[in-house]
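Text of structure.txt, listed as compact mmCIF, C-alpha atoms:
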```
# COMPACT_ATOMS: atom_id res chain seq x y z
CA MET A 1 -85.11 2.27 -96.95
CA SER A 2 -85.23 1.93 -100.72
CA GLN A 3 -88.14 0.26 -102.43
CA ALA A 4 -87.39 -3.16 -103.98
CA TRP A 5 -87.38 -3.36 -107.77
CA ASP A 6 -87.98 -6.56 -109.71
CA THR A 7 -84.70 -6.40 -111.62
CA GLY A 8 -84.96 -10.01 -112.82
CA GLY A 9 -88.44 -9.25 -114.19
CA GLU A 10 -87.02 -6.16 -115.87
CA LEU A 11 -84.31 -8.23 -117.61
CA ARG A 12 -86.86 -10.84 -118.73
CA ARG A 13 -89.03 -8.03 -120.12
CA ILE A 14 -86.02 -6.75 -122.09
CA VAL A 15 -85.53 -10.25 -123.51
CA ARG A 16 -89.19 -10.41 -124.59
CA ILE A 17 -88.83 -7.02 -126.30
CA ASN A 18 -85.71 -8.24 -128.11
CA GLU A 19 -87.51 -11.38 -129.26
CA GLU A 20 -90.23 -9.20 -130.85
CA ILE A 21 -87.58 -6.89 -132.36
CA LYS A 22 -85.97 -9.93 -134.03
CA SER A 23 -89.34 -11.03 -135.33
CA VAL A 24 -90.06 -7.57 -136.83
CA VAL A 25 -86.56 -7.39 -138.37
CA ALA A 26 -87.09 -10.80 -140.02
CA THR A 27 -90.50 -9.68 -141.35
CA ALA A 28 -89.06 -6.37 -142.61
CA PHE A 29 -86.39 -8.35 -144.47
CA LYS A 30 -89.17 -10.45 -146.04
CA ILE A 31 -91.06 -7.29 -147.11
CA ASN A 32 -87.87 -5.94 -148.69
CA LEU A 33 -87.50 -9.09 -150.81
CA MET A 34 -91.21 -9.12 -151.67
CA ALA A 35 -91.03 -5.48 -152.74
CA MET A 36 -88.03 -6.18 -154.94
CA ASN A 37 -89.92 -8.99 -156.70
CA ALA A 38 -92.96 -6.71 -156.98
CA ILE A 39 -90.83 -4.06 -158.72
CA PHE A 40 -89.69 -6.64 -161.32
CA LEU A 41 -93.24 -7.85 -161.81
CA ALA A 42 -94.47 -4.27 -162.27
CA LYS A 43 -91.72 -3.68 -164.81
CA ARG A 44 -92.93 -6.67 -166.83
CA ALA A 45 -96.50 -5.37 -166.61
CA GLY A 46 -95.30 -2.07 -168.15
CA GLN A 47 -97.30 1.15 -168.31
CA ALA A 48 -100.36 -0.33 -166.60
CA ALA A 49 -98.41 -0.99 -163.39
CA LEU A 50 -96.52 2.29 -163.04
CA GLY A 51 -98.43 3.21 -159.86
CA PHE A 52 -97.85 -0.27 -158.45
CA SER A 53 -94.14 0.11 -159.13
CA VAL A 54 -93.99 3.42 -157.23
CA LEU A 55 -95.79 1.84 -154.26
CA SER A 56 -93.47 -1.17 -154.29
CA ASN A 57 -90.50 1.20 -154.10
CA GLU A 58 -92.16 2.93 -151.16
CA LEU A 59 -92.70 -0.43 -149.46
CA ARG A 60 -88.98 -1.18 -149.83
CA ARG A 61 -88.19 2.13 -148.19
CA PHE A 62 -90.73 1.33 -145.48
CA ALA A 63 -88.98 -2.01 -144.79
CA THR A 64 -85.60 -0.25 -144.49
CA ASP A 65 -87.03 2.43 -142.17
CA LEU A 66 -88.60 -0.29 -140.05
CA GLN A 67 -85.28 -2.13 -139.72
CA GLN A 68 -83.58 1.12 -138.66
CA GLN A 69 -86.33 1.78 -136.14
CA MET A 70 -85.80 -1.70 -134.68
CA GLU A 71 -82.08 -0.98 -134.34
CA VAL A 72 -82.95 2.17 -132.37
CA LEU A 73 -85.17 0.06 -130.09
CA ARG A 74 -82.41 -2.50 -129.65
CA GLN A 75 -79.93 0.20 -128.64
CA MET A 76 -82.48 1.46 -126.13
CA THR A 77 -82.80 -1.97 -124.54
CA HIS A 78 -78.99 -2.06 -124.27
CA GLY A 79 -79.20 1.16 -122.23
CA SER A 80 -81.92 -0.41 -120.08
CA VAL A 81 -79.73 -3.47 -119.31
CA ALA A 82 -76.92 -1.12 -118.22
CA SER A 83 -79.29 0.75 -115.89
CA VAL A 84 -80.68 -2.48 -114.42
CA THR A 85 -77.12 -3.72 -113.81
CA ALA A 86 -76.25 -0.48 -112.01
CA LEU A 87 -79.45 -0.75 -109.97
CA VAL A 88 -78.66 -4.32 -108.89
CA LYS A 89 -75.17 -3.27 -107.74
CA SER A 90 -76.64 -0.31 -105.90
CA GLU A 91 -79.30 -2.50 -104.27
CA ARG A 92 -76.68 -5.00 -103.13
CA LEU A 93 -74.55 -2.27 -101.58
CA ASN A 94 -77.64 -0.87 -99.85
CA ARG A 95 -78.39 -4.27 -98.35
CA VAL A 96 -74.84 -4.57 -97.00
CA VAL A 97 -74.94 -1.07 -95.52
CA ASP A 98 -78.38 -1.80 -94.03
CA ARG A 99 -76.99 -4.87 -92.29
CA LEU A 100 -74.05 -2.85 -91.06
CA ARG A 101 -76.34 -0.14 -89.66
CA ALA A 102 -78.25 -2.77 -87.70
CA GLU A 103 -75.03 -4.02 -86.13
CA VAL A 104 -73.43 -0.74 -85.02
CA SER A 105 -74.41 2.09 -82.71
CA GLY A 106 -73.32 5.56 -81.67
CA GLN A 107 -71.11 7.57 -84.00
CA ALA A 108 -70.61 4.70 -86.43
CA ARG A 109 -74.36 4.46 -86.88
CA ALA A 110 -74.64 8.20 -87.42
CA ILE A 111 -71.96 8.03 -90.14
CA ILE A 112 -73.75 5.17 -91.89
CA GLU A 113 -77.08 6.94 -91.72
CA ARG A 114 -75.56 10.06 -93.22
CA TYR A 115 -74.10 7.94 -95.99
CA LEU A 116 -77.46 6.29 -96.63
CA ARG A 117 -79.22 9.65 -96.74
CA THR A 118 -76.83 11.02 -99.30
CA ARG A 119 -74.67 9.08 -101.67
CA GLN A 120 -76.02 5.57 -101.89
CA THR A 121 -79.72 6.32 -101.65
CA THR A 122 -79.32 9.07 -104.22
CA ALA A 123 -77.52 6.68 -106.58
CA PHE A 124 -80.30 4.12 -106.15
CA VAL A 125 -83.02 6.67 -106.88
CA LEU A 126 -81.10 7.96 -109.91
CA HIS A 127 -80.86 4.43 -111.35
CA GLN A 128 -84.59 3.92 -110.80
CA GLU A 129 -85.34 7.21 -112.53
CA ALA A 130 -83.04 6.28 -115.40
CA ILE A 131 -84.98 3.04 -115.93
CA ALA A 132 -88.32 4.88 -115.78
CA THR A 133 -87.07 7.47 -118.33
CA GLN A 134 -85.76 4.74 -120.64
CA ASN A 135 -89.12 2.96 -120.43
CA ARG A 136 -90.95 6.16 -121.39
CA ARG A 137 -88.63 6.64 -124.40
CA LEU A 138 -89.10 3.02 -125.36
CA GLY A 139 -92.88 3.47 -125.23
CA GLN A 140 -92.65 6.59 -127.40
CA THR A 141 -90.45 4.81 -129.97
CA ILE A 142 -92.90 1.90 -130.12
CA ALA A 143 -95.73 4.40 -130.67
CA ASP A 144 -93.70 6.06 -133.46
CA THR A 145 -93.11 2.62 -134.99
CA ALA A 146 -96.86 1.94 -134.90
CA GLN A 147 -97.39 5.04 -137.04
CA LEU A 148 -94.72 3.88 -139.46
CA VAL A 149 -96.40 0.47 -139.73
CA GLU A 150 -99.74 2.19 -140.33
CA LEU A 151 -98.08 3.87 -143.32
CA GLY A 152 -97.00 0.40 -144.50
CA SER A 153 -100.61 -0.78 -144.28
CA VAL A 154 -101.80 2.19 -146.31
CA LEU A 155 -99.14 1.48 -148.96
CA ALA A 156 -100.22 -2.18 -149.15
CA ARG A 157 -103.90 -1.19 -149.50
CA SER A 158 -103.01 1.34 -152.20
CA ALA A 159 -101.00 -1.33 -154.02
CA LYS A 160 -104.11 -3.51 -154.03
CA ILE A 161 -106.10 -0.70 -155.68
CA GLU A 162 -103.34 -0.13 -158.23
CA ALA A 163 -103.25 -3.88 -158.93
CA ALA A 164 -106.80 -3.65 -160.26
CA TYR A 165 -105.47 -1.48 -163.11
CA GLY A 166 -102.69 -3.91 -163.96
CA GLY A 167 -104.31 -5.29 -167.11
CA SER A 168 -103.31 -8.87 -167.83
CA PHE A 169 -101.01 -8.77 -164.78
CA SER A 170 -103.83 -7.71 -162.49
CA ALA A 171 -104.27 -11.12 -160.80
CA ALA A 172 -100.54 -11.53 -160.12
CA LEU A 173 -100.23 -7.97 -158.80
CA MET A 174 -103.31 -8.52 -156.62
CA GLN A 175 -101.71 -11.63 -155.13
CA VAL A 176 -98.49 -9.72 -154.35
CA SER A 177 -100.37 -6.85 -152.69
CA SER A 178 -102.40 -9.32 -150.58
CA ASP A 179 -99.12 -10.90 -149.46
CA PHE A 180 -97.91 -7.42 -148.45
CA GLU A 181 -101.07 -6.88 -146.42
CA HIS A 182 -100.75 -10.20 -144.58
CA THR A 183 -97.08 -9.65 -143.85
CA ILE A 184 -97.64 -6.15 -142.50
CA ALA A 185 -100.44 -7.56 -140.32
CA GLU A 186 -97.76 -9.82 -138.73
CA ILE A 187 -95.82 -6.68 -137.80
CA HIS A 188 -98.94 -5.18 -136.23
CA ARG A 189 -99.21 -8.27 -134.02
CA SER A 190 -95.55 -7.99 -132.97
CA LEU A 191 -96.03 -4.31 -132.19
CA GLU A 192 -99.03 -5.10 -130.01
CA LEU A 193 -96.83 -7.51 -128.05
CA LEU A 194 -94.07 -4.90 -127.87
CA SER A 195 -96.56 -2.37 -126.49
CA ARG A 196 -97.54 -4.83 -123.77
CA HIS A 197 -93.88 -5.28 -122.77
CA ARG A 198 -92.94 -1.61 -122.78
CA ASP A 199 -93.48 -1.09 -119.04
CA MET B 200 -70.78 -2.89 -128.66
CA LYS B 201 -70.10 -6.61 -128.43
CA THR B 202 -71.59 -8.89 -131.06
CA ALA B 203 -72.71 -12.50 -130.95
CA GLN B 204 -71.60 -14.61 -133.92
CA VAL B 205 -72.41 -18.16 -134.84
CA ILE B 206 -69.18 -20.18 -135.12
CA TYR B 207 -70.76 -23.63 -135.48
CA GLU B 208 -74.18 -24.77 -136.59
CA ASN B 209 -75.49 -28.24 -137.26
CA GLY B 210 -79.27 -28.45 -137.09
CA ASP B 211 -80.33 -27.19 -133.68
CA HIS B 212 -76.79 -27.55 -132.26
CA ARG B 213 -75.02 -24.18 -132.26
CA TRP B 214 -72.01 -22.38 -130.81
CA LEU B 215 -72.24 -18.63 -130.44
CA ALA B 216 -69.20 -16.49 -129.69
CA ILE B 217 -69.76 -13.13 -128.01
CA VAL B 218 -66.64 -11.21 -128.82
CA ARG B 219 -64.85 -7.85 -129.01
CA ASP B 220 -66.17 -4.87 -127.16
CA PRO B 221 -64.90 -1.64 -128.75
CA ASP B 222 -66.82 0.39 -126.13
CA ARG B 223 -65.11 -1.38 -123.22
CA PRO B 224 -63.10 0.90 -120.93
CA GLU B 225 -59.33 0.49 -121.45
CA TYR B 226 -58.80 -0.61 -117.85
CA LEU B 227 -60.88 -3.78 -118.36
CA ILE B 228 -59.46 -6.83 -120.09
CA ASP B 229 -61.47 -7.89 -123.14
CA THR B 230 -63.14 -11.29 -122.86
CA ASN B 231 -64.96 -13.77 -125.06
CA GLU B 232 -68.09 -15.51 -123.91
CA TYR B 233 -69.62 -18.54 -125.61
CA VAL B 234 -73.06 -20.15 -125.65
CA VAL B 235 -73.63 -23.74 -126.71
CA SER B 236 -77.24 -24.52 -127.53
CA VAL B 237 -78.83 -27.87 -128.34
CA GLY B 238 -82.56 -27.77 -129.03
CA ASP B 239 -84.22 -25.75 -126.29
CA ASP B 240 -81.35 -26.09 -123.85
CA ALA B 241 -78.19 -23.96 -123.62
CA ILE B 242 -75.08 -23.43 -121.52
CA LEU B 243 -73.16 -20.18 -121.13
CA LEU B 244 -69.37 -20.55 -120.89
CA ASP B 245 -67.42 -18.09 -118.71
CA PRO B 246 -70.17 -15.45 -118.48
CA GLY B 247 -67.71 -12.61 -117.86
CA GLY B 248 -67.34 -9.83 -115.31
CA SER B 249 -70.20 -7.81 -113.88
CA GLU B 250 -68.85 -4.66 -115.58
CA ILE B 251 -69.48 -6.13 -119.01
CA PHE B 252 -72.80 -7.83 -118.22
CA PRO B 253 -74.85 -5.20 -120.13
CA ALA B 254 -72.71 -5.67 -123.26
CA VAL B 255 -72.81 -9.49 -123.08
CA PHE B 256 -76.52 -9.68 -122.30
CA SER B 257 -77.48 -7.22 -125.05
CA ALA B 258 -75.26 -8.90 -127.66
CA LEU B 259 -76.72 -12.28 -126.77
CA CYS B 260 -80.33 -11.01 -126.87
CA ALA B 261 -79.77 -9.80 -130.44
CA GLU B 262 -79.03 -13.35 -131.63
CA PHE B 263 -80.50 -15.72 -129.10
CA ASP B 264 -83.18 -16.04 -126.43
CA PRO B 265 -81.20 -16.18 -123.16
CA ARG B 266 -84.19 -17.71 -121.36
CA ARG B 267 -82.99 -21.00 -122.88
CA ILE B 268 -79.80 -20.93 -120.81
CA SER B 269 -80.17 -23.43 -117.97
CA LYS B 270 -76.56 -23.65 -116.84
CA ILE B 271 -73.28 -21.80 -116.67
CA PHE B 272 -69.80 -23.27 -116.98
CA ALA B 273 -67.05 -21.34 -115.20
CA SER B 274 -63.55 -22.48 -116.16
CA HIS B 275 -62.22 -21.02 -112.91
CA GLN B 276 -62.84 -18.37 -110.26
CA ASP B 277 -61.44 -15.13 -111.66
CA PRO B 278 -63.63 -11.99 -111.61
CA ASP B 279 -63.46 -11.57 -115.39
CA ILE B 280 -64.89 -15.09 -115.62
CA ALA B 281 -67.65 -15.20 -113.07
CA SER B 282 -68.39 -11.92 -111.30
CA SER B 283 -71.49 -11.40 -113.49
CA LEU B 284 -72.97 -14.55 -111.96
CA SER B 285 -75.18 -12.50 -109.63
CA MET B 286 -76.69 -10.66 -112.61
CA TRP B 287 -77.38 -13.90 -114.46
CA LEU B 288 -79.05 -15.24 -111.33
CA GLU B 289 -81.20 -12.10 -111.10
CA PHE B 290 -82.34 -12.88 -114.63
CA SER B 291 -82.75 -16.62 -114.09
CA PRO B 292 -82.65 -17.67 -110.42
CA ASP B 293 -82.70 -21.42 -111.18
CA LEU B 294 -79.46 -21.39 -113.20
CA LYS B 295 -76.88 -23.99 -112.19
CA CYS B 296 -73.19 -23.15 -112.24
CA TYR B 297 -70.60 -25.85 -112.95
CA ILE B 298 -67.21 -25.02 -111.46
CA SER B 299 -64.25 -26.88 -109.93
CA TRP B 300 -65.08 -28.19 -106.45
CA LEU B 301 -62.10 -26.14 -105.29
CA TRP B 302 -63.94 -22.88 -105.97
CA ALA B 303 -67.47 -23.89 -105.02
CA GLY B 304 -67.09 -22.15 -101.66
CA PHE B 305 -65.42 -19.04 -103.06
CA VAL B 306 -67.48 -18.09 -106.09
CA PRO B 307 -70.73 -17.67 -104.05
CA HIS B 308 -69.12 -14.40 -102.90
CA PHE B 309 -70.05 -13.21 -106.42
CA GLY B 310 -73.62 -14.51 -106.00
CA GLY B 311 -75.69 -17.68 -105.79
CA ALA B 312 -76.63 -20.03 -102.97
CA GLY B 313 -75.60 -23.57 -102.03
CA ASP B 314 -77.86 -25.18 -104.61
CA THR B 315 -76.59 -22.92 -107.43
CA PHE B 316 -73.27 -24.73 -107.74
CA ILE B 317 -72.45 -28.13 -109.16
CA PRO B 318 -68.87 -28.88 -108.15
CA ILE B 319 -66.76 -30.57 -110.83
CA PRO B 320 -64.43 -33.26 -109.42
CA ASP B 321 -60.73 -33.09 -110.38
CA PRO B 322 -60.92 -35.76 -113.14
CA GLY B 323 -63.76 -33.84 -114.86
CA MET B 324 -67.32 -34.83 -115.69
CA ASP B 325 -69.93 -34.85 -118.44
CA ILE B 326 -72.31 -31.91 -118.58
CA PRO B 327 -75.62 -32.52 -120.39
CA VAL B 328 -76.88 -29.88 -122.79
CA GLY B 329 -80.11 -30.99 -124.44
CA ARG B 330 -79.45 -34.43 -125.91
CA GLU B 331 -75.66 -33.84 -126.13
CA ARG B 332 -73.03 -34.31 -123.44
CA LEU B 333 -70.12 -31.91 -123.17
CA ARG B 334 -66.99 -32.92 -121.30
CA ALA B 335 -65.31 -30.84 -118.57
CA VAL B 336 -61.62 -31.51 -119.28
CA PRO B 337 -59.06 -30.99 -116.48
CA ALA B 338 -56.70 -28.04 -116.98
CA HIS B 339 -55.58 -27.55 -113.38
CA TYR B 340 -52.85 -24.97 -112.75
CA LEU B 341 -53.45 -23.51 -116.23
CA HIS B 342 -53.63 -21.03 -114.71
CA SER B 343 -55.95 -21.61 -111.76
CA SER B 344 -55.35 -24.50 -109.34
CA GLY B 345 -58.89 -25.73 -110.02
CA ASN B 346 -59.39 -25.22 -113.75
CA PHE B 347 -61.46 -26.91 -116.46
CA HIS B 348 -61.95 -26.59 -120.19
CA LEU B 349 -65.06 -27.77 -122.00
CA TYR B 350 -65.06 -30.12 -124.99
CA ASP B 351 -67.94 -30.65 -127.39
CA PRO B 352 -67.19 -33.96 -129.18
CA LYS B 353 -69.97 -33.50 -131.76
CA ALA B 354 -68.89 -30.00 -132.79
CA LYS B 355 -65.20 -30.83 -132.19
CA ILE B 356 -64.75 -27.56 -130.33
CA LEU B 357 -62.67 -27.08 -127.20
CA PHE B 358 -63.38 -24.07 -125.01
CA SER B 359 -59.92 -23.53 -123.55
CA GLY B 360 -60.37 -20.70 -121.03
CA ASP B 361 -57.11 -18.79 -120.59
CA VAL B 362 -55.08 -21.31 -122.61
CA GLY B 363 -54.71 -19.91 -126.12
CA ALA B 364 -55.49 -16.41 -124.90
CA ALA B 365 -53.91 -13.46 -126.67
CA LEU B 366 -53.94 -9.80 -125.68
CA LEU B 367 -54.51 -8.28 -129.07
CA PRO B 368 -53.69 -4.66 -129.89
CA SER B 369 -56.51 -2.45 -131.13
CA GLY B 370 -57.16 -3.01 -134.80
CA GLU B 371 -56.44 -6.75 -134.63
CA ASP B 372 -59.99 -7.72 -133.89
CA GLY B 373 -60.69 -10.65 -136.20
CA LEU B 374 -62.82 -13.49 -134.85
CA PHE B 375 -60.35 -16.15 -136.02
CA VAL B 376 -56.55 -16.38 -136.06
CA GLU B 377 -55.56 -15.57 -139.64
CA ASN B 378 -51.77 -15.37 -139.34
CA PHE B 379 -50.52 -17.74 -136.63
CA ASP B 380 -46.97 -16.39 -136.37
CA ARG B 381 -48.12 -12.81 -135.99
CA HIS B 382 -50.90 -13.77 -133.60
CA ILE B 383 -48.83 -15.93 -131.29
CA ALA B 384 -46.52 -13.02 -130.48
CA HIS B 385 -49.49 -11.50 -128.61
CA ALA B 386 -50.02 -14.76 -126.69
CA GLU B 387 -46.45 -15.47 -125.60
CA GLY B 388 -46.05 -13.10 -122.63
CA PHE B 389 -49.46 -14.04 -121.31
CA HIS B 390 -48.75 -17.78 -121.35
CA ARG B 391 -45.25 -17.46 -119.88
CA ARG B 392 -46.54 -15.48 -116.91
CA TRP B 393 -50.01 -16.90 -116.27
CA MET B 394 -49.41 -20.60 -116.86
CA GLY B 395 -47.71 -21.58 -113.62
CA SER B 396 -46.76 -25.23 -114.03
CA GLU B 397 -44.52 -26.90 -116.60
CA ARG B 398 -45.87 -30.33 -115.65
CA ALA B 399 -49.51 -29.21 -115.91
CA LYS B 400 -48.75 -27.77 -119.33
CA ARG B 401 -47.19 -31.05 -120.56
CA ASP B 402 -50.17 -33.06 -119.21
CA TRP B 403 -52.63 -30.73 -120.93
CA CYS B 404 -50.77 -30.85 -124.26
CA ALA B 405 -50.73 -34.67 -124.14
CA ARG B 406 -54.42 -34.87 -123.21
CA VAL B 407 -55.64 -32.31 -125.72
CA GLY B 408 -53.24 -33.48 -128.42
CA ASP B 409 -55.18 -36.77 -128.54
CA MET B 410 -58.53 -35.07 -128.99
CA ASP B 411 -60.26 -34.39 -132.29
CA ILE B 412 -60.47 -30.59 -132.34
CA ASP B 413 -61.57 -28.32 -135.19
CA MET B 414 -61.68 -25.13 -133.12
CA LEU B 415 -59.93 -24.02 -129.96
CA CYS B 416 -61.81 -21.15 -128.34
CA PRO B 417 -59.99 -19.10 -125.70
CA GLN B 418 -61.50 -16.59 -123.29
CA HIS B 419 -59.35 -13.74 -124.65
CA GLY B 420 -58.37 -13.06 -128.26
CA ALA B 421 -59.05 -14.89 -131.50
CA ILE B 422 -60.21 -18.47 -132.13
CA TYR B 423 -57.79 -21.08 -133.53
CA ARG B 424 -59.17 -23.36 -136.20
CA GLY B 425 -57.97 -26.10 -138.55
CA GLU B 426 -54.18 -26.50 -138.67
CA ASP B 427 -53.71 -23.63 -136.21
CA VAL B 428 -55.10 -25.81 -133.40
CA ARG B 429 -52.21 -28.28 -133.77
CA ARG B 430 -49.75 -25.41 -134.26
CA PHE B 431 -50.90 -23.87 -131.00
CA ILE B 432 -50.59 -27.13 -129.02
CA ASP B 433 -47.08 -27.70 -130.39
CA TRP B 434 -46.09 -24.10 -129.68
CA PHE B 435 -47.43 -24.29 -126.12
CA ALA B 436 -45.68 -27.64 -125.51
CA GLN B 437 -42.27 -26.11 -126.17
CA LEU B 438 -42.90 -22.79 -124.40
CA GLU B 439 -41.16 -22.27 -121.07
CA VAL B 440 -43.84 -21.31 -118.54
CA GLY B 441 -44.04 -20.50 -114.86
CA ALA B 442 -41.11 -18.11 -114.80
CA VAL B 443 -40.87 -14.34 -114.61
CA LYS B 444 -38.54 -13.08 -117.30
CA SER B 445 -36.53 -10.07 -116.21
```
Just give me the structure of the file as structure tokens.
Amino acid sequence: MSQAWDTGGELRRIVRINEEIKSVVATAFKINLMAMNAIFLAKRAGQAALGFSVLSNELRRFATDLQQQMEVLRQMTHGSVASVTALVKSERLNRVVDRLRAEVSGQARAIIERYLRTRQTTAFVLHQEAIATQNRRLGQTIADTAQLVELGSVLARSAKIEAAYGGSFSAALMQVSSDFEHTIAEIHRSLELLSRHRD
Amino acid sequence: MKTAQVIYENGDHRWLAIVRDPDRPEYLIDTNEYVVSVGDDAILLDPGGSEIFPAVFSALCAEFDPRRISKIFASHQDPDIASSLSMWLEFSPDLKCYISWLWAGFVPHFGGAGDTFIPIPDPGMDIPVGRERLRAVPAHYLHSSGNFHLYDPKAKILFSGDVGAALLPSGEDGLFVENFDRHIAHAEGFHRRWMGSERAKRDWCARVGDMDIDMLCPQHGAIYRGEDVRRFIDWFAQLEVGAVKS
């Protein structure tokens, strides 16, 4: 009959993914605020911090893109919960029909076996395939997010270089760009955990 | 998609309401679920039907770590209250379910084994959540013959199951009751038909009327707060129930 699937484990995995999503969303919110402050600081620094200002704007956009990407991931996990729920129902029905098959004989048994070969088993396999497909998409989205975060790291490093040209504001700008780097490193750690939970 | 919203917060003591599902099929009644958390412990109130488990679970995950839920409170036995129990047990097999002793032999048809259920005796009982104790308040025959509500004395919130429920038309999807007179029109038919005992209603109104309640949270429709709690109790006390109006 059908192969057992650890549906409880699947739900707990979805919870762990959501916990990391929340952590990334909170960090993205922090980057957005930091970038806004950085833009004001760059404005005070004037001409010398024009490049820094452009990069801070890009970091704000990065934070927004990251939040949107997390919403996509969250929607995907919602789809996964629906598939797991359908699988559990299907599994339960299979168990009942299995018990029934063991208790009957003759024509009744033939009818049940035909049913198992067609409708119910097919539904079960379809739910399993749906979960596998969703997991592949989830993995791809996490990989896409990793690329986005890499862009964030590049922006933070570039901001550090630009900070060196910030004249009398150089030290303050350097501090802000280091904060960006550390905060984006937190996102890298969350993404590593997300990658581990993707299947 | 359903959303989880914080309706009470005091330090690590929180009430979350999981409400309104615009994507729900029309043939399913809309339900509210609630989570009370204290520190690392949490209880889920009326977890809902199995059809809406994905929406409830996903909405909860967005705001809260459901691994903290150690127990479930089921106000009564209806499928829109407890048929998702089997899914919750898949997720967390050690969950305990508090329900009236009357239904402890019936609800396992939805899922769970003998040690899943903690039967609540007719007079009610305290249910520990972290360092706090919530009180299962008798509400028998409103509408189920074995029925409890759950009172949180610290938060001053009463989870009132089907009492206070309103079947709201689309568009009226606020979390709280904003216009009592308009709202109660959507509650009247429901209470007349579903609340089967005049005497049970009077007992409940007397019992709950003595309690200090800031929010009354039903399983369907919007939440009553402030003066609307007293208005609702008074309205319910004078409503004729247990009769089919032709």
For chain A, report every residue with an atom at most 9 Å from chain B (counting only C-alpha atoms), formatted as a list in words.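 Listed by rising number, the hits are Asp6, Thr7, Gly8, Gly9, Glu10, Leu11, Arg12, Ile14, Val15, Arg16, Asn18, Glu19, Ile21, Lys22, Arg74, Gln75, Thr77, His78, Gly79, Ser80, Val81, Ala82, Ser83, Val84, Thr85, Val88 and Lys89 of chain A.
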With only C-alpha atoms as the counted atoms, please give the residues lying no more than 12 Å from range 217-223 of chain B, apart from itself and same-chain residues fewer than 4 positions off, as a PyMOL selection string. chain B and resi 200-206+227-235+243-248+250-263+366-375+416-422
Mind listing as a ChimeraX atom specification all residues within 8 Å of (-104.3, -1.5, -158.7), counting all atoms listed in the file? /A:49,51-52,158-166,170,173-174
Considering all atoms listed in the file, state which residue in the set A:Arg44, A:Phe180, A:Val96, A:Ile142 is at the smallest distance from Leu193 in chain A.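 Checking each of A:Arg44, A:Phe180, A:Val96, A:Ile142 against Leu193 in chain A, counting all atoms listed in the file, the winner is A:Ile142.
Candidate residues B:Arg429, B:Arg213, B:His308, B:His275 were compared for distance to Ser344 in chain B, and the nearest is B:His275, using all atoms listed in the file.
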All residues 10 Å or closer to Leu33 in chain A, all atoms listed in the file, same chain fewer than 6 positions away omitted, as a PyMOL selection string: chain A and resi 27+39+60+63
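Among B:His342, B:His348, B:Lys295, B:Arg381, the residue with the shortest atom-to-atom distance to Ala312 in chain B, counting all atoms listed in the file, is B:Lys295.
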Just the residues within 12 Å of Ala405 in chain B, please, counting only C-alpha atoms, with nothing from its chain fewer than 4 positions along; format it as a PDB file with C-alpha atoms, keeping the file's coordinate frame.
```pdb
ATOM      1  CA  PRO B 337     -59.060 -30.990-116.480  1.00  0.00           C
ATOM      2  CA  ALA B 338     -56.700 -28.040-116.980  1.00  0.00           C
ATOM      3  CA  ARG B 398     -45.870 -30.330-115.650  1.00  0.00           C
ATOM      4  CA  ALA B 399     -49.510 -29.210-115.910  1.00  0.00           C
ATOM      5  CA  LYS B 400     -48.750 -27.770-119.330  1.00  0.00           C
ATOM      6  CA  ARG B 401     -47.190 -31.050-120.560  1.00  0.00           C
ATOM      7  CA  ASP B 409     -55.180 -36.770-128.540  1.00  0.00           C
ATOM      8  CA  MET B 410     -58.530 -35.070-128.990  1.00  0.00           C
ATOM      9  CA  ARG B 429     -52.210 -28.280-133.770  1.00  0.00           C
ATOM     10  CA  ILE B 432     -50.590 -27.130-129.020  1.00  0.00           C
ATOM     11  CA  ASP B 433     -47.080 -27.700-130.390  1.00  0.00           C
ATOM     12  CA  PHE B 435     -47.430 -24.290-126.120  1.00  0.00           C
ATOM     13  CA  ALA B 436     -45.680 -27.640-125.510  1.00  0.00           C
TER      14      ALA B 436
END
```
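Put simply, CA of Ile131 in chain A is 27.1 Å away from CA of Ile280 in chain B.
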Hey, can you check how far CA of Val154 in chain A sits from CA of Glu186 in chain A?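 Taking CA of Val154 in chain A and CA of Glu186 in chain A, their separation equals 14.8 Å.
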Would you compute the distance between CA of Glu439 in chain B and CA of Glu397 in chain B? Give it in Å to one decimal.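 Separation between CA of Glu439 in chain B and CA of Glu397 in chain B: 7.3 Å.
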So that I can see what lies close to Gln68 in chain A, please list as a PyMOL selection string the residues with an atom at most 12 Å from it, counting only C-alpha atoms and leaving out residues fewer than 2 positions away in the same chain. chain A and resi 21+24-25+28-29+61-66+70-75+141+145+148
Ranking A:Glu113, A:His127, A:Gln67, A:Leu155 by minimum distance to Ser23 in chain A and counting only C-alpha atoms, which one comes first?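 For Ser23 in chain A, the nearest of the candidates is A:Gln67.
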List as a list of chain:residue names the protein and nucleic acid residues near range 114-116 of chain A, meaning an atom at most 9 Å away when only C-alpha atoms are counted, but skip any in the same chain fewer than 3 places from it.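 Listing them by chain and then by number gives A:Met1, A:Asn94, A:Val97, A:Asp98, A:Arg109, A:Ala110, A:Ile111, A:Arg119, A:Gln120, A:Thr121, A:Thr122.
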Tell me which of A:Ala130, A:Ala35, A:Ala146, A:Ala108 sits closest to Ser195 in chain A, counting only C-alpha atoms.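 Checking each of A:Ala130, A:Ala35, A:Ala146, A:Ala108 against Ser195 in chain A, counting only C-alpha atoms, the winner is A:Ala146.
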